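> This is the structure I want to talk about, given as structure tokens.
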Amino acid sequence: MSLPILEEMSGFLQKGRAKNVKALVQQALDENVNPKEILNDGLLSGMMIIGEKFKNNEVFVPEVLVAARAMNAGLAILEPKLVEVGNEPVGKAVIGTVKGDLHDIGKNLVVMMLKGAGFEVYDEGVDVEPEKFIAKAEEVGADVICMSALLTTTMPNMKSVIDSLNEKGLKDKYIVMVGGAPVNQAFADQIGADYYTPDAATAAEVAKKAVTEKNA
Ligand code: B1M
């Protein structure tokens with residue numbers, strides 16, 4: 001059983017009430033509720049319920065969209081508490097959701113965790129063209145390229161980025177990481193990604209370890 005305030009937050013999130021979600025996240029923080037508990041039991045739990053209803057045709061795209069907006073609004077309030085930004089710069093990461101894909105909640109979580117791990121993060125947003133990942137990485141001198149995909153139909157666009165890196169002779173220059181609900185280790189191996197991680201916190205841990213090892 002989660003705290004009543006978190007259940008209320010989850011309910012508002014499901015209704016897409018961004019203002020109420022933001023206010024409750026702030027209230028929960030003021031009441032010293034653990035930020036991870038707020039994320040998991042207040043925000044993500046609401047999103048999971050919406051996802052299940054979406055799958056069962058009980059709610060449709062507009063409802064999911066407003067719920068996602070409320071989720072992102074809550075995340076923005078939570079971010080400074082969730083992420084104690086490391087003082088030591090670790091490296092640079094370019095991140096985005098791949099071409100054709102508009103899902104950004106998981107990607108936004110990875111951004112936060114990477115920042116927390118000490119990365120300078122260049123967030124290219126959603127629906128990112130393969131060449132844009134590469135151009136940005138070249139421009140800023142990135143160490144890591146991170147790609148997120150939530151649709152089985154957009155996962156192949158991760159391969160396009162890796163293929164293009166190989167064609168340009170740039171693959172070894174970057175650590176390429178992939179993730180998102182339909183992605184798994186077998187797919188990552190198949191397309192030649194360096195790392196697959198199942199969640200945002202692990203993504204940041206693995207990115208930090210990989211960059212440190214590469215630069216050692
Ligand atoms: Co969409 N959607 N959606 N949707 N949506 C899913 C993904 C779906 C599974 C729902 C379902 O049918 N059950 C389904 C995909 C089916 C499939 O391909 N297998 C689906 C569909 C079909 C669609 C549309 C096609 C629907 C339509 O139009 N008919 C459409 C596509 C639009 C497009 O992208 N071109 C669509 C649209 C949308 C909205 C725009 C309405 C909205 C997105 C809004 C937004 O993101 N701002 C939306 C949402 C919200 C969802 C669900 C409900 C929730 C996704 C989410 O945010 N989860 C989703 C159902 C579900 O997942 N249960 C669904 C929470 C988030 C924290 O999890 O992103 O998985 P996730 O991130 C996790 C890990 O995966 C990981 O870290 C996070 C946890 O720490 N991770 C990484 C993510 N990226 C990573 C990268 C890494 C490492 C880890 O390294 C680089």
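In the structure tokens, chains take the letters A, B, ... in the order shown, each chain's residues start at 1, and ligands count up from 1 in the order shown.
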Which residues come within 10 Å of Thr197 of chain A, counting only C-alpha atoms, excluding same-chain residues fewer than 5 positions away, as a PDB file with N, CA and C atoms, in the first residue's frame?

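Final file, result_9.pdb:
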ATOM      1  N   MET A 177      24.453   3.098 -26.758  1.00  0.00           N
ATOM      2  CA  MET A 177      23.569   2.427 -25.799  1.00  0.00           C
ATOM      3  C   MET A 177      22.124   2.509 -26.275  1.00  0.00           C
ATOM      4  N   VAL A 178      21.388   1.407 -26.075  1.00  0.00           N
ATOM      5  CA  VAL A 178      19.982   1.387 -26.492  1.00  0.00           C
ATOM      6  C   VAL A 178      19.098   0.918 -25.348  1.00  0.00           C
ATOM      7  N   GLY A 179      17.837   1.346 -25.392  1.00  0.00           N
ATOM      8  CA  GLY A 179      16.878   0.920 -24.378  1.00  0.00           C
ATOM      9  C   GLY A 179      15.471   1.328 -24.763  1.00  0.00           C
ATOM     10  N   GLY A 180      14.516   0.954 -23.905  1.00  0.00           N
ATOM     11  CA  GLY A 180      13.097   1.198 -24.180  1.00  0.00           C
ATOM     12  C   GLY A 180      12.358  -0.127 -24.058  1.00  0.00           C
ATOM     13  N   VAL A 183      12.878  -3.144 -26.421  1.00  0.00           N
ATOM     14  CA  VAL A 183      14.287  -3.458 -26.743  1.00  0.00           C
ATOM     15  C   VAL A 183      14.806  -4.481 -25.734  1.00  0.00           C
ATOM     16  N   ASN A 184      15.657  -5.393 -26.185  1.00  0.00           N
ATOM     17  CA  ASN A 184      16.282  -6.340 -25.251  1.00  0.00           C
ATOM     18  C   ASN A 184      17.726  -6.610 -25.672  1.00  0.00           C
ATOM     19  N   GLN A 185      18.404  -7.419 -24.881  1.00  0.00           N
ATOM     20  CA  GLN A 185      19.819  -7.682 -25.128  1.00  0.00           C
ATOM     21  C   GLN A 185      20.028  -8.329 -26.498  1.00  0.00           C
ATOM     22  N   ALA A 188      19.872  -5.750 -29.127  1.00  0.00           N
ATOM     23  CA  ALA A 188      21.066  -4.894 -29.058  1.00  0.00           C
ATOM     24  C   ALA A 188      22.257  -5.600 -29.705  1.00  0.00           C
ATOM     25  N   THR A 202      20.180   2.079 -14.416  1.00  0.00           N
ATOM     26  CA  THR A 202      21.240   1.175 -14.890  1.00  0.00           C
ATOM     27  C   THR A 202      21.943   1.789 -16.100  1.00  0.00           C
ATOM     28  N   ALA A 203      21.191   2.467 -16.951  1.00  0.00           N
ATOM     29  CA  ALA A 203      21.796   3.102 -18.129  1.00  0.00           C
ATOM     30  C   ALA A 203      22.896   4.073 -17.693  1.00  0.00           C
ATOM     31  N   ALA A 204      22.591   4.888 -16.688  1.00  0.00           N
ATOM     32  CA  ALA A 204      23.581   5.870 -16.225  1.00  0.00           C
ATOM     33  C   ALA A 204      24.797   5.187 -15.605  1.00  0.00           C
ATOM     34  N   GLU A 205      24.540   4.156 -14.808  1.00  0.00           N
ATOM     35  CA  GLU A 205      25.648   3.406 -14.175  1.00  0.00           C
ATOM     36  C   GLU A 205      26.563   2.807 -15.232  1.00  0.00           C
ATOM     37  N   VAL A 206      25.940   2.149 -16.212  1.00  0.00           N
ATOM     38  CA  VAL A 206      26.719   1.468 -17.255  1.00  0.00           C
ATOM     39  C   VAL A 206      27.474   2.489 -18.102  1.00  0.00           C
ATOM     40  N   ALA A 207      26.820   3.615 -18.420  1.00  0.00           N
ATOM     41  CA  ALA A 207      27.476   4.650 -19.235  1.00  0.00           C
ATOM     42  C   ALA A 207      28.721   5.170 -18.515  1.00  0.00           C
TER      43      ALA A 207
END
> Name all residues at most 7 Å from Glu124 of chain A (count only C-alpha atoms; drop same-chain ones fewer than 2 positions away) and give them as a compact mmCIF listing (two decimals) with C-alpha atoms, in the first residue's frame.

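The resulting file, result_2.txt, is shown below:
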# COMPACT_ATOMS: atom_id res chain seq x y z
CA ILE A 95 20.42 11.18 -26.37
CA GLY A 96 17.11 11.02 -28.17
CA TYR A 122 22.62 16.86 -25.13
CA VAL A 126 11.94 12.79 -29.94
CA VAL A 128 15.38 12.09 -34.06
> Residues at most 7 Å from ligand 1, using only C-alpha atoms and all ligand atoms? Could they come as a ChimeraX atom specification?
/A:44,47-48,50-52,54-55,61-62,64-65,68-69,100-107,109-110,146-153,177-182,196-201,203
> Suppose we keep N, CA and C atoms; can you now write the selection as a compact mmCIF listing (two decimals), in the first residue's frame?

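File selection37.txt, as written:
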# COMPACT_ATOMS: atom_id res chain seq x y z
N LEU A 44 4.92 6.79 -11.85
CA LEU A 44 4.99 5.64 -12.76
C LEU A 44 3.82 4.68 -12.58
N MET A 47 1.03 5.91 -14.62
CA MET A 47 1.30 5.71 -16.05
C MET A 47 1.09 4.25 -16.45
N MET A 48 1.46 3.33 -15.55
CA MET A 48 1.28 1.89 -15.81
C MET A 48 -0.21 1.57 -15.96
N ILE A 50 -2.61 3.63 -16.84
CA ILE A 50 -3.06 4.19 -18.12
C ILE A 50 -2.62 3.29 -19.27
N GLY A 51 -1.38 2.79 -19.20
CA GLY A 51 -0.86 1.90 -20.25
C GLY A 51 -1.70 0.64 -20.39
N GLU A 52 -2.10 0.10 -19.26
CA GLU A 52 -2.91 -1.13 -19.26
C GLU A 52 -4.29 -0.84 -19.87
N PHE A 54 -5.00 1.54 -21.92
CA PHE A 54 -4.78 1.84 -23.35
C PHE A 54 -4.76 0.52 -24.13
N LYS A 55 -4.04 -0.44 -23.57
CA LYS A 55 -3.92 -1.76 -24.23
C LYS A 55 -5.29 -2.42 -24.37
N VAL A 61 -5.71 7.53 -27.33
CA VAL A 61 -4.51 8.38 -27.42
C VAL A 61 -4.66 9.73 -26.68
N PRO A 62 -5.76 10.47 -26.86
CA PRO A 62 -5.81 11.79 -26.18
C PRO A 62 -5.66 11.69 -24.66
N VAL A 64 -4.12 9.29 -23.03
CA VAL A 64 -2.74 8.88 -22.72
C VAL A 64 -1.81 10.09 -22.84
N LEU A 65 -2.08 10.91 -23.84
CA LEU A 65 -1.26 12.09 -24.08
C LEU A 65 -1.32 13.06 -22.90
N ALA A 68 0.53 11.64 -20.02
CA ALA A 68 1.99 11.74 -20.22
C ALA A 68 2.47 13.17 -19.93
N ARG A 69 1.66 14.15 -20.34
CA ARG A 69 2.04 15.54 -20.05
C ARG A 69 2.09 15.78 -18.54
N GLY A 100 10.55 8.60 -35.87
CA GLY A 100 9.20 8.03 -35.94
C GLY A 100 8.56 7.77 -34.59
N ASP A 101 9.31 8.02 -33.52
CA ASP A 101 8.82 7.66 -32.18
C ASP A 101 8.72 8.91 -31.30
N LEU A 102 7.52 9.10 -30.70
CA LEU A 102 7.27 10.32 -29.92
C LEU A 102 7.28 10.09 -28.42
N HIS A 103 7.57 8.87 -27.98
CA HIS A 103 7.55 8.57 -26.54
C HIS A 103 8.80 9.15 -25.87
N ASP A 104 8.58 9.98 -24.83
CA ASP A 104 9.78 10.60 -24.25
C ASP A 104 9.94 10.45 -22.75
N ILE A 105 9.00 9.80 -22.08
CA ILE A 105 9.08 9.76 -20.61
C ILE A 105 10.29 8.96 -20.14
N GLY A 106 10.47 7.77 -20.72
CA GLY A 106 11.62 6.94 -20.34
C GLY A 106 12.93 7.63 -20.70
N LYS A 107 12.95 8.22 -21.90
CA LYS A 107 14.16 8.95 -22.33
C LYS A 107 14.47 10.10 -21.36
N LEU A 109 13.79 10.22 -18.25
CA LEU A 109 14.35 9.64 -17.02
C LEU A 109 15.83 9.32 -17.21
N VAL A 110 16.17 8.79 -18.39
CA VAL A 110 17.58 8.48 -18.66
C VAL A 110 18.40 9.78 -18.63
N CYS A 146 23.02 7.67 -26.89
CA CYS A 146 21.95 6.90 -26.25
C CYS A 146 20.67 7.00 -27.07
N MET A 147 20.09 5.85 -27.38
CA MET A 147 18.85 5.86 -28.17
C MET A 147 17.74 5.12 -27.43
N SER A 148 16.55 5.73 -27.46
CA SER A 148 15.39 5.12 -26.83
C SER A 148 14.33 4.84 -27.90
N ALA A 149 13.63 3.71 -27.77
CA ALA A 149 12.51 3.39 -28.68
C ALA A 149 11.43 2.66 -27.89
N LEU A 150 10.18 3.02 -28.14
CA LEU A 150 9.06 2.39 -27.44
C LEU A 150 8.17 1.58 -28.38
N LEU A 151 8.46 1.67 -29.66
CA LEU A 151 7.60 0.99 -30.64
C LEU A 151 8.42 -0.07 -31.38
N THR A 152 7.80 -1.23 -31.60
CA THR A 152 8.52 -2.27 -32.36
C THR A 152 8.82 -1.76 -33.78
N THR A 153 7.96 -0.86 -34.26
CA THR A 153 8.16 -0.35 -35.63
C THR A 153 9.31 0.65 -35.73
N MET A 177 24.45 3.10 -26.76
CA MET A 177 23.57 2.43 -25.80
C MET A 177 22.12 2.51 -26.27
N VAL A 178 21.39 1.41 -26.08
CA VAL A 178 19.98 1.39 -26.49
C VAL A 178 19.10 0.92 -25.35
N GLY A 179 17.84 1.35 -25.39
CA GLY A 179 16.88 0.92 -24.38
C GLY A 179 15.47 1.33 -24.76
N GLY A 180 14.52 0.95 -23.90
CA GLY A 180 13.10 1.20 -24.18
C GLY A 180 12.36 -0.13 -24.06
N ALA A 181 11.07 -0.04 -23.74
CA ALA A 181 10.31 -1.25 -23.39
C ALA A 181 10.45 -2.44 -24.37
N PRO A 182 10.40 -2.24 -25.69
CA PRO A 182 10.46 -3.44 -26.56
C PRO A 182 11.89 -3.90 -26.86
N TYR A 196 22.86 -2.64 -23.84
CA TYR A 196 21.42 -2.51 -23.61
C TYR A 196 21.24 -2.47 -22.10
N THR A 197 20.40 -1.56 -21.62
CA THR A 197 20.07 -1.58 -20.19
C THR A 197 18.55 -1.45 -20.05
N PRO A 198 17.98 -2.14 -19.06
CA PRO A 198 16.51 -2.17 -18.95
C PRO A 198 15.89 -0.94 -18.33
N ASP A 199 16.68 -0.16 -17.57
CA ASP A 199 16.08 1.02 -16.93
C ASP A 199 17.06 2.19 -16.90
N ALA A 200 16.53 3.34 -16.51
CA ALA A 200 17.30 4.58 -16.60
C ALA A 200 18.48 4.59 -15.64
N ALA A 201 18.26 4.12 -14.43
CA ALA A 201 19.34 4.15 -13.44
C ALA A 201 20.51 3.27 -13.90
N ALA A 203 21.19 2.47 -16.95
CA ALA A 203 21.80 3.10 -18.13
C ALA A 203 22.90 4.07 -17.69
> Neighbouring residues of Val66 of chain A were defined as those with any atom within 8 Å, considering only C-alpha atoms; residues of the same chain fewer than 5 positions away were excluded. Please report them as a ChimeraX atom specification.
/A:15-18
> Those same residues - N, CA, C and O atoms - I'd like them written as a PDB file, in the first residue's frame.

ATOM      1  N   LYS A  15      -5.891  11.150 -14.833  1.00  0.00           N
ATOM      2  CA  LYS A  15      -6.886  12.070 -15.416  1.00  0.00           C
ATOM      3  C   LYS A  15      -6.199  13.183 -16.209  1.00  0.00           C
ATOM      4  O   LYS A  15      -6.869  14.068 -16.746  1.00  0.00           O
ATOM      5  N   GLY A  16      -4.878  13.184 -16.226  1.00  0.00           N
ATOM      6  CA  GLY A  16      -4.146  14.202 -16.985  1.00  0.00           C
ATOM      7  C   GLY A  16      -4.167  15.562 -16.344  1.00  0.00           C
ATOM      8  O   GLY A  16      -4.007  16.588 -17.023  1.00  0.00           O
ATOM      9  N   ARG A  17      -4.328  15.613 -15.025  1.00  0.00           N
ATOM     10  CA  ARG A  17      -4.426  16.902 -14.331  1.00  0.00           C
ATOM     11  C   ARG A  17      -3.031  17.371 -13.901  1.00  0.00           C
ATOM     12  O   ARG A  17      -2.613  17.191 -12.740  1.00  0.00           O
ATOM     13  N   ALA A  18      -2.310  17.961 -14.850  1.00  0.00           N
ATOM     14  CA  ALA A  18      -0.899  18.308 -14.628  1.00  0.00           C
ATOM     15  C   ALA A  18      -0.700  19.237 -13.422  1.00  0.00           C
ATOM     16  O   ALA A  18       0.217  19.034 -12.624  1.00  0.00           O
TER      17      ALA A  18
END
> Select from segment 166-205 of chain A everything DSSP, run on the backbone, classes as strand (DSSP E), then give the selection as a count of residues only.
7
> Please return as a ChimeraX atom specification: the residues of chain A that backbone DSSP assigns to alpha helix (DSSP H).
/A:4-14,18-30,35-37,45-55,61-82,105-116,130-140,156-167,185-191,200-215
> With a distance cut-off of 7 Å and only C-alpha atoms, select the neighbouring residues of Ile175 of chain A, excluding the residue or stretch itself and same-chain residues fewer than 4 positions from it, and output the selection as a list in words.
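Listing them by chain and then by number gives Asp143, Val144, Ile145 and Asp194 of chain A.
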> Mind dumping the selected residues with N, CA and C atoms as a PDB file, in the first residue's frame?

ATOM      1  N   ASP A 143      30.950  11.203 -25.866  1.00  0.00           N
ATOM      2  CA  ASP A 143      31.508   9.885 -25.554  1.00  0.00           C
ATOM      3  C   ASP A 143      30.469   8.800 -25.825  1.00  0.00           C
ATOM      4  N   VAL A 144      29.198   9.142 -25.554  1.00  0.00           N
ATOM      5  CA  VAL A 144      28.132   8.144 -25.608  1.00  0.00           C
ATOM      6  C   VAL A 144      26.988   8.644 -26.489  1.00  0.00           C
ATOM      7  N   ILE A 145      26.420   7.710 -27.273  1.00  0.00           N
ATOM      8  CA  ILE A 145      25.174   8.000 -27.999  1.00  0.00           C
ATOM      9  C   ILE A 145      24.110   7.074 -27.416  1.00  0.00           C
ATOM     10  N   ASP A 194      26.567  -1.277 -28.255  1.00  0.00           N
ATOM     11  CA  ASP A 194      27.536  -1.684 -27.231  1.00  0.00           C
ATOM     12  C   ASP A 194      26.840  -2.144 -25.959  1.00  0.00           C
TER      13      ASP A 194
END
> So which residues touch Phe119 of chain A within 7 Å, counting only C-alpha atoms, skipping near sequence neighbours fewer than 3 positions away, as a PyMOL selection string?
chain A and resi 89-93+114-115
> So that I have them on file, write out the residues from the current selection with N, CA, C and O atoms, as a PDB file, in the first residue's frame.

ATOM      1  N   PRO A  89      32.883  15.899 -13.686  1.00  0.00           N
ATOM      2  CA  PRO A  89      32.381  15.623 -15.036  1.00  0.00           C
ATOM      3  C   PRO A  89      32.875  14.251 -15.513  1.00  0.00           C
ATOM      4  O   PRO A  89      34.048  13.923 -15.365  1.00  0.00           O
ATOM      5  N   VAL A  90      31.942  13.481 -16.048  1.00  0.00           N
ATOM      6  CA  VAL A  90      32.273  12.115 -16.452  1.00  0.00           C
ATOM      7  C   VAL A  90      32.495  12.037 -17.954  1.00  0.00           C
ATOM      8  O   VAL A  90      33.388  11.348 -18.442  1.00  0.00           O
ATOM      9  N   GLY A  91      31.665  12.769 -18.707  1.00  0.00           N
ATOM     10  CA  GLY A  91      31.752  12.720 -20.157  1.00  0.00           C
ATOM     11  C   GLY A  91      30.539  13.382 -20.768  1.00  0.00           C
ATOM     12  O   GLY A  91      29.741  14.012 -20.067  1.00  0.00           O
ATOM     13  N   LYS A  92      30.419  13.246 -22.086  1.00  0.00           N
ATOM     14  CA  LYS A  92      29.301  13.882 -22.788  1.00  0.00           C
ATOM     15  C   LYS A  92      28.425  12.807 -23.426  1.00  0.00           C
ATOM     16  O   LYS A  92      28.955  11.857 -24.019  1.00  0.00           O
ATOM     17  N   ALA A  93      27.114  13.006 -23.319  1.00  0.00           N
ATOM     18  CA  ALA A  93      26.191  12.038 -23.904  1.00  0.00           C
ATOM     19  C   ALA A  93      25.171  12.738 -24.786  1.00  0.00           C
ATOM     20  O   ALA A  93      24.617  13.771 -24.399  1.00  0.00           O
ATOM     21  N   LEU A 114      21.558  10.344 -16.203  1.00  0.00           N
ATOM     22  CA  LEU A 114      22.881  10.633 -16.772  1.00  0.00           C
ATOM     23  C   LEU A 114      23.439  11.918 -16.165  1.00  0.00           C
ATOM     24  O   LEU A 114      24.615  11.991 -15.801  1.00  0.00           O
ATOM     25  N   LYS A 115      22.569  12.936 -16.043  1.00  0.00           N
ATOM     26  CA  LYS A 115      23.023  14.194 -15.429  1.00  0.00           C
ATOM     27  C   LYS A 115      23.478  13.924 -14.004  1.00  0.00           C
ATOM     28  O   LYS A 115      24.495  14.445 -13.549  1.00  0.00           O
TER      29      LYS A 115
END
